[in-house]
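Novice: Here you go, target-v5.cif (mmCIF, C-alpha atoms and all ligand atoms):
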```
data_run
loop_
_atom_site.group_PDB
_atom_site.id
_atom_site.type_symbol
_atom_site.label_atom_id
_atom_site.label_comp_id
_atom_site.auth_asym_id
_atom_site.auth_seq_id
_atom_site.Cartn_x
_atom_site.Cartn_y
_atom_site.Cartn_z
ATOM 1 C CA MET Z 1 39.072 -38.576 99.631
ATOM 2 C CA ALA Z 2 36.912 -38.022 96.532
ATOM 3 C CA ALA Z 3 34.887 -41.033 95.346
ATOM 4 C CA PHE Z 4 36.597 -40.848 91.974
ATOM 5 C CA TYR Z 5 39.955 -40.364 90.308
ATOM 6 C CA GLU Z 6 40.474 -37.575 87.829
ATOM 7 C CA GLU Z 7 42.194 -39.064 84.771
ATOM 8 C CA LYS Z 8 43.198 -37.703 81.367
ATOM 9 C CA VAL Z 9 41.830 -38.844 78.025
ATOM 10 C CA LEU Z 10 44.612 -40.306 75.865
ATOM 11 C CA ALA Z 11 42.790 -41.294 72.660
ATOM 12 C CA VAL Z 12 39.267 -41.420 71.261
ATOM 13 C CA HIS Z 13 37.963 -43.675 68.494
ATOM 14 C CA HIS Z 14 34.573 -43.210 66.853
ATOM 15 C CA TRP Z 15 33.297 -46.539 65.522
ATOM 16 C CA THR Z 16 29.960 -45.218 64.217
ATOM 17 C CA ASP Z 17 27.587 -42.274 64.717
ATOM 18 C CA SER Z 18 26.317 -43.980 67.855
ATOM 19 C CA LEU Z 19 29.372 -45.738 69.260
ATOM 20 C CA PHE Z 20 32.834 -44.656 70.392
ATOM 21 C CA SER Z 21 35.613 -45.773 72.684
ATOM 22 C CA PHE Z 22 38.362 -43.992 74.539
ATOM 23 C CA THR Z 23 41.432 -44.671 76.598
ATOM 24 C CA CYS Z 24 42.559 -42.639 79.581
ATOM 25 C CA THR Z 25 45.294 -42.658 82.177
ATOM 26 C CA ARG Z 26 44.949 -45.078 85.097
ATOM 27 C CA ASP Z 27 45.813 -44.292 88.688
ATOM 28 C CA PRO Z 28 48.231 -47.014 89.848
ATOM 29 C CA THR Z 29 46.094 -47.574 92.969
ATOM 30 C CA PHE Z 30 42.947 -48.324 90.904
ATOM 31 C CA ARG Z 31 42.474 -52.102 90.967
ATOM 32 C CA PHE Z 32 39.655 -54.031 89.308
ATOM 33 C CA LYS Z 33 38.793 -57.575 88.293
ATOM 34 C CA SER Z 34 38.246 -58.491 84.641
ATOM 35 C CA GLY Z 35 34.545 -58.052 83.820
ATOM 36 C CA GLN Z 36 33.779 -55.403 86.440
ATOM 37 C CA PHE Z 37 32.258 -51.966 85.934
ATOM 38 C CA SER Z 38 32.738 -48.652 87.665
ATOM 39 C CA MET Z 39 31.052 -45.250 87.667
ATOM 40 C CA ILE Z 40 32.681 -42.888 85.197
ATOM 41 C CA GLY Z 41 31.835 -39.431 83.947
ATOM 42 C CA LEU Z 42 32.514 -35.729 83.753
ATOM 43 C CA MET Z 43 32.412 -32.661 85.974
ATOM 44 C CA ILE Z 44 29.403 -30.629 84.823
ATOM 45 C CA ASP Z 45 28.839 -27.250 86.506
ATOM 46 C CA ASP Z 46 31.146 -28.267 89.348
ATOM 47 C CA ARG Z 47 29.211 -31.484 89.991
ATOM 48 C CA PRO Z 48 30.168 -35.012 88.968
ATOM 49 C CA LEU Z 49 27.827 -36.615 86.412
ATOM 50 C CA LEU Z 50 28.532 -40.334 86.538
ATOM 51 C CA ARG Z 51 27.210 -43.477 84.856
ATOM 52 C CA ALA Z 52 28.074 -47.175 85.122
ATOM 53 C CA TYR Z 53 30.666 -48.361 82.562
ATOM 54 C CA SER Z 54 32.399 -51.702 82.114
ATOM 55 C CA MET Z 55 36.139 -51.685 81.765
ATOM 56 C CA VAL Z 56 37.278 -52.855 78.309
ATOM 57 C CA SER Z 57 40.908 -52.972 79.395
ATOM 58 C CA GLY Z 58 42.571 -55.972 80.951
ATOM 59 C CA HIS Z 59 43.065 -55.656 84.706
ATOM 60 C CA TRP Z 60 46.823 -55.614 84.097
ATOM 61 C CA GLU Z 61 46.900 -52.815 81.511
ATOM 62 C CA GLU Z 62 48.483 -49.465 82.353
ATOM 63 C CA THR Z 63 45.679 -47.430 80.810
ATOM 64 C CA LEU Z 64 41.893 -47.739 81.004
ATOM 65 C CA GLU Z 65 39.567 -48.200 78.049
ATOM 66 C CA PHE Z 66 35.797 -47.806 77.741
ATOM 67 C CA LEU Z 67 33.290 -48.471 74.950
ATOM 68 C CA SER Z 68 30.403 -46.028 74.893
ATOM 69 C CA ILE Z 69 27.046 -45.490 73.313
ATOM 70 C CA LYS Z 70 26.150 -41.964 72.133
ATOM 71 C CA VAL Z 71 22.656 -41.075 73.290
ATOM 72 C CA ALA Z 72 21.698 -37.779 71.589
ATOM 73 C CA ASP Z 73 19.871 -36.389 74.615
ATOM 74 C CA GLY Z 74 21.631 -38.544 77.220
ATOM 75 C CA PRO Z 75 22.823 -36.406 80.138
ATOM 76 C CA LEU Z 76 26.309 -37.922 80.084
ATOM 77 C CA THR Z 77 26.947 -39.274 76.595
ATOM 78 C CA SER Z 78 25.643 -36.178 74.762
ATOM 79 C CA ARG Z 79 28.767 -34.580 76.314
ATOM 80 C CA LEU Z 80 31.130 -37.520 76.709
ATOM 81 C CA GLN Z 81 31.045 -38.214 72.956
ATOM 82 C CA HIS Z 82 32.901 -34.911 72.397
ATOM 83 C CA ILE Z 83 35.902 -35.629 74.659
ATOM 84 C CA ARG Z 84 39.369 -35.196 73.180
ATOM 85 C CA PRO Z 85 42.858 -36.204 74.222
ATOM 86 C CA GLY Z 86 43.948 -34.168 77.246
ATOM 87 C CA ASP Z 87 40.402 -33.710 78.630
ATOM 88 C CA PRO Z 88 39.706 -34.796 82.225
ATOM 89 C CA VAL Z 89 37.398 -37.751 82.987
ATOM 90 C CA LEU Z 90 36.212 -39.081 86.332
ATOM 91 C CA ILE Z 91 36.693 -42.741 87.228
ATOM 92 C CA GLY Z 92 34.898 -44.131 90.295
ATOM 93 C CA ARG Z 93 37.182 -45.760 92.842
ATOM 94 C CA LYS Z 94 34.858 -48.724 93.541
ATOM 95 C CA PRO Z 95 34.621 -51.267 90.722
ATOM 96 C CA VAL Z 96 31.846 -53.866 91.119
ATOM 97 C CA GLY Z 97 30.013 -56.541 89.130
ATOM 98 C CA THR Z 98 29.171 -60.211 88.813
ATOM 99 C CA LEU Z 99 30.578 -61.003 85.363
ATOM 100 C CA LEU Z 100 33.632 -62.635 86.890
ATOM 101 C CA ALA Z 101 35.135 -65.966 85.889
ATOM 102 C CA GLU Z 102 35.245 -66.936 89.577
ATOM 103 C CA THR Z 103 31.424 -66.737 89.874
ATOM 104 C CA LEU Z 104 31.064 -69.719 87.522
ATOM 105 C CA LEU Z 105 31.609 -73.415 88.082
ATOM 106 C CA PRO Z 106 34.256 -74.888 85.773
ATOM 107 C CA GLY Z 107 32.814 -76.336 82.572
ATOM 108 C CA ARG Z 108 33.271 -77.363 78.966
ATOM 109 C CA THR Z 109 32.250 -74.264 77.017
ATOM 110 C CA LEU Z 110 31.903 -70.764 78.403
ATOM 111 C CA TYR Z 111 29.520 -68.689 76.288
ATOM 112 C CA MET Z 112 29.974 -64.928 76.582
ATOM 113 C CA LEU Z 113 26.929 -63.321 75.029
ATOM 114 C CA GLY Z 114 27.053 -59.566 74.543
ATOM 115 C CA THR Z 115 24.880 -57.185 72.565
ATOM 116 C CA GLY Z 116 25.921 -53.632 71.671
ATOM 117 C CA THR Z 117 28.121 -52.130 74.375
ATOM 118 C CA GLY Z 118 27.542 -55.369 76.313
ATOM 119 C CA LEU Z 119 30.739 -56.510 74.599
ATOM 120 C CA ALA Z 120 32.793 -54.291 76.931
ATOM 121 C CA PRO Z 121 33.177 -56.572 79.990
ATOM 122 C CA PHE Z 122 34.018 -59.525 77.745
ATOM 123 C CA MET Z 123 36.865 -57.582 76.152
ATOM 124 C CA SER Z 124 38.399 -57.339 79.599
ATOM 125 C CA LEU Z 125 37.703 -60.995 80.365
ATOM 126 C CA ILE Z 126 39.287 -62.344 77.170
ATOM 127 C CA LYS Z 127 42.490 -60.514 78.114
ATOM 128 C CA ASP Z 128 42.777 -62.517 81.337
ATOM 129 C CA PRO Z 129 44.370 -66.010 81.401
ATOM 130 C CA ASP Z 130 42.202 -66.879 84.448
ATOM 131 C CA THR Z 131 39.110 -66.682 82.243
ATOM 132 C CA TYR Z 132 40.339 -69.558 80.078
ATOM 133 C CA GLU Z 133 41.726 -71.936 82.731
ATOM 134 C CA PRO Z 134 38.426 -73.520 83.935
ATOM 135 C CA PHE Z 135 37.045 -74.085 80.403
ATOM 136 C CA GLU Z 136 37.860 -76.099 77.296
ATOM 137 C CA ARG Z 137 36.732 -73.244 75.087
ATOM 138 C CA VAL Z 138 35.382 -69.724 75.355
ATOM 139 C CA VAL Z 139 32.824 -68.630 72.751
ATOM 140 C CA LEU Z 140 32.449 -64.853 72.463
ATOM 141 C CA VAL Z 141 29.192 -63.893 70.737
ATOM 142 C CA HIS Z 142 28.676 -60.231 69.867
ATOM 143 C CA GLY Z 143 25.360 -59.121 68.432
ATOM 144 C CA CYS Z 144 24.760 -55.690 66.874
ATOM 145 C CA ARG Z 145 22.491 -54.079 64.325
ATOM 146 C CA THR Z 146 25.201 -53.183 61.809
ATOM 147 C CA VAL Z 147 28.672 -54.438 60.891
ATOM 148 C CA GLY Z 148 30.181 -51.062 61.848
ATOM 149 C CA GLU Z 149 29.025 -51.600 65.408
ATOM 150 C CA LEU Z 150 31.055 -54.794 65.745
ATOM 151 C CA ALA Z 151 33.792 -53.014 67.661
ATOM 152 C CA TYR Z 152 37.231 -54.516 68.327
ATOM 153 C CA GLN Z 153 37.033 -57.208 65.607
ATOM 154 C CA GLU Z 154 40.651 -56.644 64.687
ATOM 155 C CA GLN Z 155 41.772 -56.810 68.300
ATOM 156 C CA ILE Z 156 39.831 -60.022 68.961
ATOM 157 C CA THR Z 157 40.814 -61.878 65.803
ATOM 158 C CA ARG Z 158 44.392 -60.678 65.250
ATOM 159 C CA GLU Z 159 46.014 -58.702 68.052
ATOM 160 C CA LEU Z 160 44.996 -61.081 70.817
ATOM 161 C CA HIS Z 161 46.218 -64.086 68.825
ATOM 162 C CA ALA Z 162 49.601 -62.440 68.349
ATOM 163 C CA HIS Z 163 49.896 -61.343 71.997
ATOM 164 C CA GLU Z 164 52.965 -62.657 73.781
ATOM 165 C CA LEU Z 165 51.167 -63.943 76.888
ATOM 166 C CA LEU Z 166 47.539 -64.278 75.811
ATOM 167 C CA GLY Z 167 48.083 -65.541 72.267
ATOM 168 C CA GLU Z 168 48.253 -69.184 73.276
ATOM 169 C CA PHE Z 169 44.938 -68.999 75.193
ATOM 170 C CA ALA Z 170 43.216 -67.097 72.394
ATOM 171 C CA ARG Z 171 44.463 -69.446 69.659
ATOM 172 C CA ASP Z 172 43.615 -72.615 71.610
ATOM 173 C CA LYS Z 173 40.356 -71.663 73.267
ATOM 174 C CA LEU Z 174 38.741 -68.468 71.996
ATOM 175 C CA VAL Z 175 36.002 -68.696 69.366
ATOM 176 C CA TYR Z 176 34.560 -65.396 68.110
ATOM 177 C CA TYR Z 177 31.034 -65.269 66.658
ATOM 178 C CA PRO Z 178 29.930 -61.782 65.537
ATOM 179 C CA THR Z 179 26.384 -61.423 64.258
ATOM 180 C CA VAL Z 180 24.267 -58.540 62.939
ATOM 181 C CA THR Z 181 20.540 -58.074 62.500
ATOM 182 C CA ARG Z 182 20.188 -55.347 59.874
ATOM 183 C CA GLU Z 183 22.811 -55.999 57.214
ATOM 184 C CA PRO Z 184 24.131 -58.939 55.224
ATOM 185 C CA PHE Z 185 27.045 -60.536 57.100
ATOM 186 C CA ILE Z 186 28.710 -63.886 57.654
ATOM 187 C CA HIS Z 187 26.404 -64.447 60.667
ATOM 188 C CA GLN Z 188 22.981 -62.878 60.827
ATOM 189 C CA GLY Z 189 20.266 -62.851 63.444
ATOM 190 C CA ARG Z 190 19.608 -62.047 67.066
ATOM 191 C CA VAL Z 191 21.848 -63.640 69.664
ATOM 192 C CA THR Z 192 18.785 -65.086 71.405
ATOM 193 C CA ASP Z 193 17.398 -66.735 68.255
ATOM 194 C CA LEU Z 194 20.804 -68.127 67.260
ATOM 195 C CA MET Z 195 21.363 -69.640 70.705
ATOM 196 C CA PHE Z 196 17.853 -70.977 71.329
ATOM 197 C CA SER Z 197 17.492 -72.461 67.827
ATOM 198 C CA GLY Z 198 20.873 -74.212 68.075
ATOM 199 C CA LYS Z 199 22.100 -72.510 64.864
ATOM 200 C CA LEU Z 200 25.067 -70.964 66.616
ATOM 201 C CA GLN Z 201 26.229 -74.327 67.939
ATOM 202 C CA ALA Z 202 25.662 -75.952 64.541
ATOM 203 C CA ASP Z 203 27.698 -73.200 62.819
ATOM 204 C CA LEU Z 204 30.575 -73.777 65.240
ATOM 205 C CA GLY Z 205 30.352 -77.580 65.225
ATOM 206 C CA LEU Z 206 29.487 -77.661 68.944
ATOM 207 C CA ASP Z 207 27.000 -79.799 70.857
ATOM 208 C CA PRO Z 208 23.718 -78.212 71.947
ATOM 209 C CA VAL Z 209 24.068 -76.136 75.122
ATOM 210 C CA GLU Z 210 23.732 -78.207 78.281
ATOM 211 C CA ARG Z 211 23.520 -77.003 81.837
ATOM 212 C CA ALA Z 212 25.621 -79.965 82.959
ATOM 213 C CA HIS Z 213 28.675 -78.853 80.953
ATOM 214 C CA ASP Z 214 28.247 -75.324 79.693
ATOM 215 C CA ARG Z 215 28.364 -71.915 81.341
ATOM 216 C CA VAL Z 216 26.910 -68.607 80.198
ATOM 217 C CA MET Z 217 27.821 -64.985 80.864
ATOM 218 C CA LEU Z 218 25.371 -62.470 79.528
ATOM 219 C CA CYS Z 219 25.526 -58.702 79.115
ATOM 220 C CA GLY Z 220 22.843 -56.958 77.100
ATOM 221 C CA SER Z 221 19.643 -54.958 76.993
ATOM 222 C CA PRO Z 222 16.968 -55.437 79.652
ATOM 223 C CA GLY Z 223 14.840 -57.231 76.998
ATOM 224 C CA LEU Z 224 17.587 -59.719 76.171
ATOM 225 C CA LEU Z 225 18.176 -60.408 79.855
ATOM 226 C CA ALA Z 226 14.454 -61.025 80.385
ATOM 227 C CA ASP Z 227 14.369 -63.556 77.494
ATOM 228 C CA TYR Z 228 17.340 -65.407 78.919
ATOM 229 C CA GLY Z 229 16.100 -65.153 82.501
ATOM 230 C CA ALA Z 230 13.008 -67.139 81.497
ATOM 231 C CA TRP Z 231 15.121 -69.646 79.544
ATOM 232 C CA PHE Z 232 17.519 -70.210 82.450
ATOM 233 C CA GLU Z 233 14.653 -70.597 84.883
ATOM 234 C CA GLN Z 234 12.901 -73.151 82.672
ATOM 235 C CA GLY Z 235 16.090 -75.156 82.357
ATOM 236 C CA GLY Z 236 16.801 -75.017 86.106
ATOM 237 C CA TRP Z 237 20.117 -73.174 85.629
ATOM 238 C CA VAL Z 238 21.724 -71.897 88.828
ATOM 239 C CA GLU Z 239 22.780 -68.240 88.864
ATOM 240 C CA GLY Z 240 26.277 -67.506 90.130
ATOM 241 C CA THR Z 241 26.845 -64.744 92.657
ATOM 242 C CA ASN Z 242 29.882 -63.191 94.288
ATOM 243 C CA THR Z 243 29.529 -65.693 97.122
ATOM 244 C CA ARG Z 244 28.375 -68.840 95.271
ATOM 245 C CA GLN Z 245 29.537 -70.269 91.957
ATOM 246 C CA GLY Z 246 26.786 -71.066 89.482
ATOM 247 C CA GLU Z 247 26.063 -71.988 85.878
ATOM 248 C CA TYR Z 248 25.325 -68.509 84.530
ATOM 249 C CA VAL Z 249 25.743 -64.834 85.397
ATOM 250 C CA ILE Z 250 24.045 -61.805 83.897
ATOM 251 C CA GLU Z 251 24.552 -58.061 83.910
ATOM 252 C CA LYS Z 252 22.607 -55.227 82.319
ATOM 253 C CA ALA Z 253 24.450 -53.370 79.549
ATOM 254 C CA PHE Z 254 22.196 -50.396 80.378
ATOM 255 C CA VAL Z 255 18.971 -49.537 82.138
ATOM 256 C CA GLU Z 256 15.826 -48.364 80.309
ATOM 257 C CA LYS Z 257 14.549 -45.097 81.757
HETATM 258 C C1 LIG Z 301 26.104 -52.286 84.956
HETATM 259 C C2 LIG Z 301 26.083 -51.305 83.808
HETATM 260 C C3 LIG Z 301 27.180 -51.224 82.956
HETATM 261 C C4 LIG Z 301 27.165 -50.338 81.874
HETATM 262 N N1 LIG Z 301 28.220 -50.298 81.031
HETATM 263 C C5 LIG Z 301 28.197 -49.474 79.941
HETATM 264 C C6 LIG Z 301 29.258 -49.451 79.005
HETATM 265 O O1 LIG Z 301 30.279 -50.152 79.157
HETATM 266 N N2 LIG Z 301 29.142 -48.641 77.926
HETATM 267 C C7 LIG Z 301 28.036 -47.837 77.724
HETATM 268 O O2 LIG Z 301 27.988 -47.126 76.739
HETATM 269 N N3 LIG Z 301 27.030 -47.846 78.605
HETATM 270 C C8 LIG Z 301 27.077 -48.606 79.705
HETATM 271 N N4 LIG Z 301 26.049 -48.589 80.604
HETATM 272 C C9 LIG Z 301 24.996 -47.577 80.418
HETATM 273 C C10 LIG Z 301 25.496 -46.231 81.014
HETATM 274 O O3 LIG Z 301 25.529 -46.340 82.418
HETATM 275 C C11 LIG Z 301 24.640 -45.032 80.595
HETATM 276 O O4 LIG Z 301 23.288 -45.324 80.646
HETATM 277 C C12 LIG Z 301 25.006 -44.550 79.197
HETATM 278 O O5 LIG Z 301 26.341 -44.105 79.203
HETATM 279 C C13 LIG Z 301 24.129 -43.389 78.734
HETATM 280 O O6 LIG Z 301 24.254 -42.331 79.666
HETATM 281 P P1 LIG Z 301 23.454 -40.987 79.442
HETATM 282 O O7 LIG Z 301 23.529 -40.192 80.705
HETATM 283 O O8 LIG Z 301 23.927 -40.324 78.188
HETATM 284 O O9 LIG Z 301 21.949 -41.459 79.184
HETATM 285 P P2 LIG Z 301 21.002 -42.268 80.203
HETATM 286 O O10 LIG Z 301 19.993 -41.308 80.746
HETATM 287 O O11 LIG Z 301 21.815 -43.038 81.187
HETATM 288 O O12 LIG Z 301 20.306 -43.287 79.195
HETATM 289 C C14 LIG Z 301 19.290 -42.830 78.299
HETATM 290 C C15 LIG Z 301 18.724 -44.006 77.519
HETATM 291 O O13 LIG Z 301 19.691 -44.426 76.551
HETATM 292 C C16 LIG Z 301 19.635 -45.825 76.360
HETATM 293 N N5 LIG Z 301 20.981 -46.382 76.650
HETATM 294 C C17 LIG Z 301 21.798 -46.068 77.696
HETATM 295 N N6 LIG Z 301 22.960 -46.764 77.636
HETATM 296 C C18 LIG Z 301 22.863 -47.544 76.524
HETATM 297 C C19 LIG Z 301 23.748 -48.491 75.937
HETATM 298 N N7 LIG Z 301 24.964 -48.760 76.484
HETATM 299 N N8 LIG Z 301 23.354 -49.107 74.821
HETATM 300 C C20 LIG Z 301 22.133 -48.821 74.260
HETATM 301 N N9 LIG Z 301 21.255 -47.930 74.776
HETATM 302 C C21 LIG Z 301 21.608 -47.300 75.898
HETATM 303 C C22 LIG Z 301 18.572 -46.355 77.315
HETATM 304 O O14 LIG Z 301 17.353 -46.489 76.619
HETATM 305 C C23 LIG Z 301 18.439 -45.276 78.349
HETATM 306 O O15 LIG Z 301 17.159 -45.231 78.911
HETATM 307 C C24 LIG Z 301 26.039 -49.472 81.687
HETATM 308 C C25 LIG Z 301 24.948 -49.544 82.562
HETATM 309 C C26 LIG Z 301 24.951 -50.447 83.596
HETATM 310 C C27 LIG Z 301 23.745 -50.510 84.509
#
```
Represent the structure from my file as C-alpha cells, please.
Ligand SMILES: Cc1cc2nc3c(=O)[nH]c(=O)nc-3n(C[C@H](O)[C@H](O)[C@H](O)COP(=O)(O)OP(=O)(O)OC[C@H]3O[C@@H](n4cnc5c(N)ncnc54)[C@H](O)[C@@H]3O)c2cc1C
Specialist:
Amino acid sequence: MAAFYEEKVLAVHHWTDSLFSFTCTRDPTFRFKSGQFSMIGLMIDDRPLLRAYSMVSGHWEETLEFLSIKVADGPLTSRLQHIRPGDPVLIGRKPVGTLLAETLLPGRTLYMLGTGTGLAPFMSLIKDPDTYEPFERVVLVHGCRTVGELAYQEQITRELHAHELLGEFARDKLVYYPTVTREPFIHQGRVTDLMFSGKLQADLGLDPVERAHDRVMLCGSPGLLADYGAWFEQGGWVEGTNTRQGEYVIEKAFVEK
C-alpha cells in the first residue's frame, strides 16, 4: 500500500502573493486528530515530493483543507501554488503531531499562538468541541506581517459563530486576537512582545498569564519557538507530550534550511 492517498483538488484560494489555501477530497479511511499534520505533496517526475502540512479542516469534515506559503524557489510550493481544481495531490496516510488538546492539563485560559501558516493547526482545533471543554476560554492569537495575511478572519469571526454545533462554543469561549507588524491595524506588534509585555492580556481584560491556570499552544517560526522555549524554561513550565499532559506544547510551522 502506498504511503499516501491520491486526492483531487476541489478549490484554491489565493490570500496574497505569498499565501494560499486549498481544499481537496478526503479518503474516508483517512483519520486524524485536530491539530495534527501530515506529509502532503505532488508527484514530480514519477516521484513523490512531500512536505509536512497541518490540517486546517476539522477532523469531522468530509474534505481536507491546507494553508500554504509560496516559496519562490521552494521545491514543493513553487509548484503547489499553481494547482487547480481537478489536479491530483498526495496526502500522507500517517498524521502526527503534539498540538492536541489532550496533551494539555485542563486550565483557565488556553492561548493558541500562531504566526503565519502556524495558524493552520489552530483552525482545526477551534472546529473541535473537545478543544473547548477543559478550558474557560480559548484565545486564538494570529500574528502576520500584513492584514492580507490574516487568513480565515471571516470564518473565525462569523462562520464559526453561526455554526449549528460549534457556534455555542465559539460564542462562549473563543476570543480572536489578530495582530500585524508592518501595517496599521487594530492590534499591532509581534506575538512575543504582546504576550511578554502583558499588552495582549490588558487589551482583552484578562489577568497576566500564569502557569498555575493558563495553557499555551504555540506554532510558529523557529525563532519564535526559541524565544518562547527560553520563557517557558525560566518560568518552570512543563511541556506536554503525547504520553504526559503538560502546561504548554509547541510545534514548528516550518524548518529553516
Ligand atoms: C510540523 C510542520 C508543519 C508544517 N505545516 C505547514 C503548513 O501548514 N503550511 C505551510 O505552508 N507550511 C508548513 N510547513 C512547512 C512545509 O513543510 C514546507 O517547508 C513548505 O511547504 C515549503 O516547502 P518547499 O519545498 O516549497 O520549500 P522548503 O525547501 O521546504 O522551504 C524553503 C524555505 O522556505 C521557508 N519556509 C518554508 N515553509 C514556510 C512557512 N510555512 N512559512 C514561512 N516560511 C517558510 C523556510 O525558510 C525554508 O527554509 C510545516 C513544516 C513542519 C515541520
Novice: To test your reading of the syntax: which residues would the PyMOL selection byres (((chain Z and resi 141) around 7) and not hetatm) return for the file shown? Reply as a tab-separated table (two decimals) with C-alpha atoms, in the coordinates of the input.
Specialist:
```tsv
chain	number	residue	atom	x	y	z
Z	112	MET	CA	29.97	-64.93	76.58
Z	113	LEU	CA	26.93	-63.32	75.03
Z	114	GLY	CA	27.05	-59.57	74.54
Z	139	VAL	CA	32.82	-68.63	72.75
Z	140	LEU	CA	32.45	-64.85	72.46
Z	142	HIS	CA	28.68	-60.23	69.87
Z	143	GLY	CA	25.36	-59.12	68.43
Z	176	TYR	CA	34.56	-65.40	68.11
Z	177	TYR	CA	31.03	-65.27	66.66
Z	178	PRO	CA	29.93	-61.78	65.54
```
Novice: Could I get the residue neighbourhood of ligand LIG 301 (chain Z) at 7 Å, counting only C-alpha atoms and all ligand atoms, as a compact mmCIF listing (two decimals) with C-alpha atoms, in the coordinates of the input?
Specialist:
```
# COMPACT_ATOMS: atom_id res chain seq x y z
CA PHE Z 37 32.26 -51.97 85.93
CA ARG Z 51 27.21 -43.48 84.86
CA ALA Z 52 28.07 -47.18 85.12
CA TYR Z 53 30.67 -48.36 82.56
CA SER Z 54 32.40 -51.70 82.11
CA MET Z 55 36.14 -51.68 81.76
CA PHE Z 66 35.80 -47.81 77.74
CA LEU Z 67 33.29 -48.47 74.95
CA SER Z 68 30.40 -46.03 74.89
CA ILE Z 69 27.05 -45.49 73.31
CA LYS Z 70 26.15 -41.96 72.13
CA VAL Z 71 22.66 -41.08 73.29
CA ASP Z 73 19.87 -36.39 74.61
CA GLY Z 74 21.63 -38.54 77.22
CA PRO Z 75 22.82 -36.41 80.14
CA LEU Z 76 26.31 -37.92 80.08
CA THR Z 77 26.95 -39.27 76.60
CA SER Z 78 25.64 -36.18 74.76
CA GLY Z 116 25.92 -53.63 71.67
CA THR Z 117 28.12 -52.13 74.38
CA GLY Z 118 27.54 -55.37 76.31
CA ALA Z 120 32.79 -54.29 76.93
CA GLU Z 251 24.55 -58.06 83.91
CA LYS Z 252 22.61 -55.23 82.32
CA ALA Z 253 24.45 -53.37 79.55
CA PHE Z 254 22.20 -50.40 80.38
CA VAL Z 255 18.97 -49.54 82.14
CA GLU Z 256 15.83 -48.36 80.31
CA LYS Z 257 14.55 -45.10 81.76
```
Novice: For Asp87 in chain Z, which of Z:His161, Z:Lys8, Z:His213, Z:Arg182 is the closest residue, counting all atoms listed in the file?
Specialist: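 Residue with the minimum atom-to-atom distance to Asp87 in chain Z: Z:Lys8.
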Novice: Please, what distance in Å, to one decimal, runs between CA of Pro95 in chain Z and CA of Val175 in chain Z?
Specialist: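 So the two atoms, CA of Pro95 in chain Z and CA of Val175 in chain Z, lie 27.6 Å apart.
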Novice: Using the chain letters and residue numbers of this document, give as a list of chain:residue names the residues selected by the PyMOL selection byres (((chain Z and resi 232) around 12) and not hetatm).
Specialist: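 Those residues are Z:Phe196, Z:Val209, Z:Glu210, Z:Arg211, Z:Arg215, Z:Val216, Z:Met217, Z:Leu218, Z:Leu225, Z:Ala226, Z:Asp227, Z:Tyr228, Z:Gly229, Z:Ala230, Z:Trp231, Z:Glu233, Z:Gln234, Z:Gly235, Z:Gly236, Z:Trp237, Z:Val238, Z:Glu239, Z:Gly240, Z:Gly246, Z:Glu247, Z:Tyr248, Z:Val249, Z:Ile250.
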Novice: Could those residues be written to a file, using C-alpha atoms, as a compact mmCIF listing (two decimals), keeping the file's coordinate frame?
Specialist:
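In the end it all went to selection-v3.txt:
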```
# COMPACT_ATOMS: atom_id res chain seq x y z
CA PHE Z 196 17.85 -70.98 71.33
CA VAL Z 209 24.07 -76.14 75.12
CA GLU Z 210 23.73 -78.21 78.28
CA ARG Z 211 23.52 -77.00 81.84
CA ARG Z 215 28.36 -71.92 81.34
CA VAL Z 216 26.91 -68.61 80.20
CA MET Z 217 27.82 -64.98 80.86
CA LEU Z 218 25.37 -62.47 79.53
CA LEU Z 225 18.18 -60.41 79.86
CA ALA Z 226 14.45 -61.02 80.39
CA ASP Z 227 14.37 -63.56 77.49
CA TYR Z 228 17.34 -65.41 78.92
CA GLY Z 229 16.10 -65.15 82.50
CA ALA Z 230 13.01 -67.14 81.50
CA TRP Z 231 15.12 -69.65 79.54
CA GLU Z 233 14.65 -70.60 84.88
CA GLN Z 234 12.90 -73.15 82.67
CA GLY Z 235 16.09 -75.16 82.36
CA GLY Z 236 16.80 -75.02 86.11
CA TRP Z 237 20.12 -73.17 85.63
CA VAL Z 238 21.72 -71.90 88.83
CA GLU Z 239 22.78 -68.24 88.86
CA GLY Z 240 26.28 -67.51 90.13
CA GLY Z 246 26.79 -71.07 89.48
CA GLU Z 247 26.06 -71.99 85.88
CA TYR Z 248 25.32 -68.51 84.53
CA VAL Z 249 25.74 -64.83 85.40
CA ILE Z 250 24.04 -61.80 83.90
```
Novice: Using all atoms listed in the file, which residue out of Z:Leu204, Z:Ala162, Z:Val9, Z:Ile126 lies closest to Arg26 in chain Z?
Specialist: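 Answer, going by the shortest atom-to-atom distance: Z:Val9.
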Novice: Using all atoms listed in the file, find the one residue out of Z:Leu125, Z:Asp27, Z:Leu49, Z:Pro222 that sits nearest to Leu99 in chain Z.
Specialist: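 Comparing Z:Leu125, Z:Asp27, Z:Leu49, Z:Pro222 against Leu99 in chain Z, the winner is Z:Leu125.
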Novice: In Å, how far is it from CA of Thr181 in chain Z to CA of His14 in chain Z?
Specialist: 20.9 Å
Novice: Can you give me, as a list in words, the residues this file yields under the PyMOL selection byres (((chain Z and resi 42) around 9) and not hetatm)?
Specialist: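 The output of the PyMOL selection byres (((chain Z and resi 42) around 9) and not hetatm) on this file is Ile40, Gly41, Met43, Ile44, Arg47, Pro48, Leu49, Leu50, Leu76, Arg79, Leu80, Pro88, Val89, Leu90 and Ile91 of chain Z.
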Novice: Record the distance separating CA of Asp45 in chain Z and CA of Pro28 in chain Z, expressed in Å with one decimal.
Specialist: 27.9 Å
Novice: Using all atoms listed in the file, which residue out of Z:Gly198, Z:Gly223, Z:Pro129, Z:Gly148 lies closest to Ser18 in chain Z?
Specialist: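 Looking at the shortest contact to Ser18 in chain Z, the residue is Z:Gly148.
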Novice: Adding 8 Å on each side of the box along x, y and z that holds all listed atoms of range 78-83 of chain Z, could you give its centre and edge lengths in Å to one decimal, as lines of an AutoDock Vina configuration file?
Specialist:
```
center_x = 30.8
center_y = -36.4
center_z = 74.6
size_x = 26.3
size_y = 19.6
size_z = 20.3
```
Novice: Taking only C-alpha atoms into account, name the residue in Z:Asp17, Z:Lys94, Z:Ala202, Z:His82 that is nearest to Phe30 in chain Z.
Specialist: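 Residue with the minimum atom-to-atom distance to Phe30 in chain Z: Z:Lys94.
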Novice: Which of these, Z:Val56, Z:Leu194, Z:Val180, Z:Ala212, has the shortest distance to Thr115 in chain Z once you count all atoms listed in the file?
Specialist: Z:Val180
